[in-house]
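See structure below.
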Amino acid sequence: MTVHINTRLCNGCGSRAEGCCEEMCPGDLFYRKNGKACLREPSDCWDCFACVKVCPRAALSIELPFQISEAKHRLAARLKKNGIEWNLVDRRGTVIATYIIQNKREAPSSEPNKQPKKEKQP
Amino acid sequence: MHQDTIEETKTDLLIIGGGTAGCMAGIFAKTKKPDLDVLIAEKAHINRSGCLAMGLNAVNAHLADTSPEEYVDYVVGDNYDIARTDLIRSIGERLNRMTAMIDDLGVPLPRDENGSYIARSPRSIVMLGEHIKPLLARAALDKGCRVVNRMPVYRLLLDSSGTRVCGAVAYNIRTGKTVVIRARAVLICTGGASGIYRPSNPGLARTKTWYCPYNAGAGLAMGFRAGAEMTSFEMRFVALRTKDVIAPTGTLVLGTRMPQCNARGEPYIKNKQAMLGRKLTTCERLYFTIEEHRKGTGPCYVDVSSLDAEQYTGLVKNYLNMAPSITLHLLENPAKPHTHIEVCGSEPYINGGHGMAGFWIDESRRTTLPGLYAAGDVAGGAPKKYITGCFAEAEMAVEDILETLSKENPDLDISPESVSRTVSEIVAPLNSEGDITFTEAEDRLQKIMEEYAGGSTQNYATSRDKLLLARTYLTDLSDRSQDISAAGGHELMRAHDTLDRILLARILVEHMLARRETRWPCYHTRLDYPMRNDLEYSVFINSRMSDDTIEVFKRSLEPPFAEMPLEAS
């Protein structure tokens with residue numbers, strides 16, 4: 001659908017072999033160009049939020065195409081310890097709703113999650 | 001010209017696809033036999049691949065107050081008496097143990113004051129499942145499964161006698177290497193197939209599908225090409241979804257208990273159930289929704305006008321665990337929430353987790369090819385297995401694999417000619433100087449299927465002459481698709497997605513032609529045979545590749561599932 005990439009926040013994950021979004025996207029839709037994440041084919045995106053959730057700089061959010069919603073709100077997410085924080089942002093950048101939802105058995109906390117552990121290499 | 005770089009590897013158990021069933025199969029295999037080498041070949045990244053990428057907000061097959069026998073009766077009844085009772089029973093007996101495994105993974109399953117899971121319907125419980133896939137993947141890695149991400153498998157390898165599956169060939173998108181994998185046993189867990197029919201939305205929103213758009217049915221296609229038997233493709237699965245954003249309606253109807261109404265505000269589902277004196281089947285709920293449109297009383301809605309602010313927030317939160325983007329619609333104007341959520345049918349899919357299309361398997365989840373197993377959405381015959389049923393199938397497959405490997409040591413002798421032929425088939429689009437792109441071919445495929453094989457704009461209905469046209473056009477498209485060219489690993493993957501989808505569409509059309517009755521309204525509606533015909537079609541429709549053609553035949557409903565020819569058309 002439409003992943004919105006905030007190019008001021010995105011640093012292409014620096015020296016990482018792959019950007020986090022590039023590594024995680026189930027459709028293999030990201031690549032890097034000039035040190036920033038780019039979307040290969042926006043219309044191949046499922047809206048699964050895997051990239052949004054994994055971005056260490058919270059540079060990604062998703063909006064619905066105008067044909068479906070004229071509001072142009074964006075939905076962003078950050079993983080917290082044992083939970084996830086969702087922020088709905090309007091087109092002027094104002095947060096209009098926030099939800100924190102437990103996603104592991106232990107109760108969630110509002111502390112930011114530690115950097116994701118490096119994937120075990122086979 | 002693409003230069004082949006070939007890498008070789010060997011494993012005891014190759015699991016193709018690290019989704020729901022694949023991850024759990026790895027966990028079972030390494031738990032039961034820690035020294036077994038298990039390789040999971042994953043098309044994307046195991047943390048967020050397959051159907052569970054977004055998360056899931058309910059366990060839809062959990063038997064709190066019902067027995068496995070009642071589950072069998074429900075599934076077979078909902079499926080109009082055609083389904084594999086043996087497979088469904090074997091799943092039913094394991095379902096609740098699989099729910100306990102979800103609990104063990106650390107996925108929150110809320111409980112009431114008595115410590116029982118919170119029921120959403122008689123066979124469904126609430127789950128806070130945003131993180132279920134990363135937790136599942138972590139467990140598979142912790143158990144010691146070898147996982148290679150971005151390594152889609154495209155073809156199976158048979159031994160030199162041409163009978164037993166003893167490996168597969170993949171292409172690693174990141175390294176650009178073709179990977180030949182020799183395996184003592186192969187388990188396919190690649191899921192069903194989306195992208196065969198034209199999607200609900202055009203343009204930028206065209207991938208807003210119910211089923212994972214990256215499930216292109218690779219396992220079904222590679223199994224069929226290798227000679228495996230398939231069942232029930234003609235029972236397509238069509239999901240009833242919220243319009244535009246294609247989010248689940250179960251979250252609305254079961255989660256909030258709000259009524260489903262037509263445009264006049266009449267609760268058409270409830271009325272129909274009162275009239276018939278029974279619950280509607282899954283496909284009838286879709287069929288009667290389409291009927292409202294036909295009668296001029298559509299569109300249809302779930303009426304959420306009576307939800308208070310707290311309940312509406314609860315609904316939004318439930319969706320965030322499973323289909324987050326609908327919240328962008330629900331909260332378009334936070335001061336004035338939507339009171340009516342429009343519903344519609346999705347495009348049809350080939351799927352064995354909700355529907356029953358997939359590999360023809362036995363109770364141990366063995367396919368008809370020795371050495372090859374199938375579990376989860378790729379396995380046919382047992383509809384409504386959902387996530388816990390996929391887990392149960394993974395366990396049954398692994399049990400048989402371990403027992404077989406303890407007794408036999410299959411010879412992994414594959415002829416070098418067969419390996420090099422397979423490798424060149426896989427990299428063909430990289431070497432092709434053809435003039436079409438995978439997007440063009442996919443658009444053509446979806447147009448043919450939509451218009452001639454009962455897409456959503458045709459109210460899911462079709463008839464013989466349309467299907468015969470679909471057959472002709474698909475044969476032409478299949479020939480022409482040799483001209484799909486690809487630059488690089490990503491495009492190669494998309495090219496194979498498209499080629500697989502074209503093959504599956506051809507099989508699907510043959511199945512739809514073969515079942516000359518209408519048994520499952522919308523899933524399979526033949527306008528030229530509008531009635532159910534128990535006399536001739538209380539059978540499975542199965543198919544396999546025979547001398548490069550698609551051979552379709554009947555099998556009886558009970559063991560030993562005798563094979564019968566189709567009557568001449």
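Identifiers for the structure tokens are assigned positionally: chains receive A, B, ... in sequence, residues are indexed from 1 per chain, and ligands are indexed from 1 in the order shown.
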
Closest contacts (chain B/chain A, max 8 Å, only C-alpha atoms) as CSV:
```
residue,atom,partner,partner_atom,distance
B:Ala44,CA,A:Pro26,CA,5.0
B:His45,CA,A:Met24,CA,5.5
B:Asn47,CA,A:Met24,CA,7.2
B:Arg48,CA,A:Pro26,CA,6.3
B:Ser49,CA,A:Pro26,CA,5.2
B:Gly50,CA,A:Pro26,CA,7.4
B:Ala53,CA,A:Cys48,CA,6.3
B:Met54,CA,A:Cys48,CA,4.8
B:Gly106,CA,A:Arg105,CA,5.0
B:Val107,CA,A:Lys104,CA,5.2
B:Pro108,CA,A:Arg105,CA,4.5
B:Leu109,CA,A:Arg105,CA,7.8
B:Leu128,CA,A:Asn103,CA,5.9
B:Gly129,CA,A:Asn103,CA,6.4
B:Glu130,CA,A:Asn103,CA,5.7
B:His131,CA,A:Asn103,CA,5.6
B:Leu141,CA,A:Lys120,CA,7.4
B:Arg146,CA,A:Pro122,CA,5.1
B:Val147,CA,A:Pro122,CA,5.8
B:Val148,CA,A:Pro122,CA,6.6
B:Gly203,CA,A:Ser43,CA,6.6
B:Leu204,CA,A:Ser43,CA,4.4
B:Ala205,CA,A:Met1,CA,5.2
B:Arg206,CA,A:Ser43,CA,6.1
B:Thr207,CA,A:Trp46,CA,5.4
B:Lys208,CA,A:Trp46,CA,5.6
B:Thr209,CA,A:Trp46,CA,7.2
B:Cys212,CA,A:Trp46,CA,7.5
B:Pro213,CA,A:Trp46,CA,6.8
B:Tyr214,CA,A:Gly27,CA,6.1
B:Asp244,CA,A:Ile68,CA,6.3
B:Val245,CA,A:Ile68,CA,7.7
B:Lys317,CA,A:Ile101,CA,7.4
B:Ala323,CA,A:Cys48,CA,7.5
B:Pro324,CA,A:Cys48,CA,7.7
B:Ser325,CA,A:Asp47,CA,6.8
B:Leu328,CA,A:His73,CA,6.4
B:His329,CA,A:Ser69,CA,6.7
B:Glu332,CA,A:Ala71,CA,6.0
B:Pro334,CA,A:Ile96,CA,7.7
B:His490,CA,A:Asp28,CA,7.0
```

For this session: Kindly indicate which residue among B:Ile502, B:Cys390, B:Ala461, B:Leu369 lies nearest to Asp476 (chain B), using only C-alpha atoms for the distances.
Result: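 Under the stated criterion, the closest residue is B:Ile502.
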
For this session: Return as a ChimeraX atom specification the full set of residues in region 409-566 of chain B whose backbone-based DSSP assignment is helix (DSSP H, G or I).
Result: /B:416-431,438-452,456-458,464-483,488-514,534-537

Problem set entry | Thr297 (chain B) surroundings by only C-alpha atoms, 7 Å radius, close-in-sequence under 6 positions cut, as a PyMOL selection string | chain B and resi 262-264

Given the selection you just returned, output its residues as a file containing C-alpha atoms, formatted as a PDB file, in the first residue's frame.
```
ATOM      1  CA  ASN B 262     -28.407  -4.673   4.533  1.00  0.00           C
ATOM      2  CA  ALA B 263     -28.726  -1.088   3.272  1.00  0.00           C
ATOM      3  CA  ARG B 264     -32.276  -0.869   4.703  1.00  0.00           C
TER       4      ARG B 264
END
```

Exercise. Could you name the residues that touch region 71-73 of chain B at 7 Å or less, counting only C-alpha atoms, but leaving out those on the same chain fewer than 5 positions away, as a PyMOL selection string?
Worked result: chain B and resi 85+88-89+92

For this session: Please run DSSP on the backbone and report, as a ChimeraX atom specification, all residues within region 321-560 of chain B that come out as strand (DSSP E).
Result: /B:340-345,358-359,372-374,461-462,525-526,539-546,549-556

Exercise. What is the distance between CA of Leu36 (chain B) and CA of Ala221 (chain B), in Å to one decimal?
Worked result: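 According to the coordinates, CA of Leu36 (chain B) and CA of Ala221 (chain B) are separated by 27.9 Å.
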
For this session: Mind checking which residues fall within 6 Å of region 518-532 of chain B, counting only C-alpha atoms, ignoring those fewer than 6 positions away in the same chain, and posting them as an NGL selection string?
Result: :B and (235-237 or 460-463)

For the residues in that selection, give me N, CA and C atoms as a PDB file, in the first residue's frame.
```
ATOM      1  N   MET B 235     -12.978 -25.924  -4.854  1.00  0.00           N
ATOM      2  CA  MET B 235     -13.583 -25.282  -3.683  1.00  0.00           C
ATOM      3  C   MET B 235     -12.685 -24.114  -3.286  1.00  0.00           C
ATOM      4  N   ARG B 236     -12.841 -23.034  -4.032  1.00  0.00           N
ATOM      5  CA  ARG B 236     -12.024 -21.846  -3.761  1.00  0.00           C
ATOM      6  C   ARG B 236     -12.458 -21.263  -2.418  1.00  0.00           C
ATOM      7  N   PHE B 237     -11.580 -20.542  -1.785  1.00  0.00           N
ATOM      8  CA  PHE B 237     -12.012 -19.872  -0.566  1.00  0.00           C
ATOM      9  C   PHE B 237     -12.164 -18.378  -0.830  1.00  0.00           C
ATOM     10  N   TYR B 460     -18.900 -14.458  -8.419  1.00  0.00           N
ATOM     11  CA  TYR B 460     -18.210 -15.747  -8.213  1.00  0.00           C
ATOM     12  C   TYR B 460     -18.773 -16.882  -9.062  1.00  0.00           C
ATOM     13  N   ALA B 461     -19.608 -16.558 -10.052  1.00  0.00           N
ATOM     14  CA  ALA B 461     -20.265 -17.601 -10.834  1.00  0.00           C
ATOM     15  C   ALA B 461     -19.631 -17.741 -12.214  1.00  0.00           C
ATOM     16  N   THR B 462     -19.700 -18.963 -12.744  1.00  0.00           N
ATOM     17  CA  THR B 462     -19.202 -19.191 -14.090  1.00  0.00           C
ATOM     18  C   THR B 462     -19.956 -20.372 -14.700  1.00  0.00           C
ATOM     19  N   SER B 463     -19.579 -20.729 -15.920  1.00  0.00           N
ATOM     20  CA  SER B 463     -20.257 -21.842 -16.585  1.00  0.00           C
ATOM     21  C   SER B 463     -19.295 -22.480 -17.578  1.00  0.00           C
TER      22      SER B 463
END
```

For this session: Figure out the distance between CA of Leu280 (chain B) and CA of Gly296 (chain B), please, to one decimal in Å.
Result: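 Answer for the CA of Gly296 (chain B) to CA of Leu280 (chain B) separation: 21.3 Å.
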
Neighbouring residues of Val238 (chain B) were defined as those with any atom within 7 Å, considering only C-alpha atoms; residues of the same chain fewer than 3 positions away were excluded. Please report them as a PDB file with C-alpha atoms, in the first residue's frame.
```pdb
ATOM      1  CA  GLY B 345     -16.357 -10.666  -0.516  1.00  0.00           C
ATOM      2  CA  SER B 346     -12.648 -10.892  -1.265  1.00  0.00           C
ATOM      3  CA  GLU B 347     -11.255 -12.308  -4.477  1.00  0.00           C
ATOM      4  CA  PRO B 348     -11.068 -16.143  -4.495  1.00  0.00           C
ATOM      5  CA  TYR B 349      -8.011 -18.002  -3.211  1.00  0.00           C
ATOM      6  CA  TYR B 523     -16.864 -20.897  -3.651  1.00  0.00           C
TER       7      TYR B 523
END
```
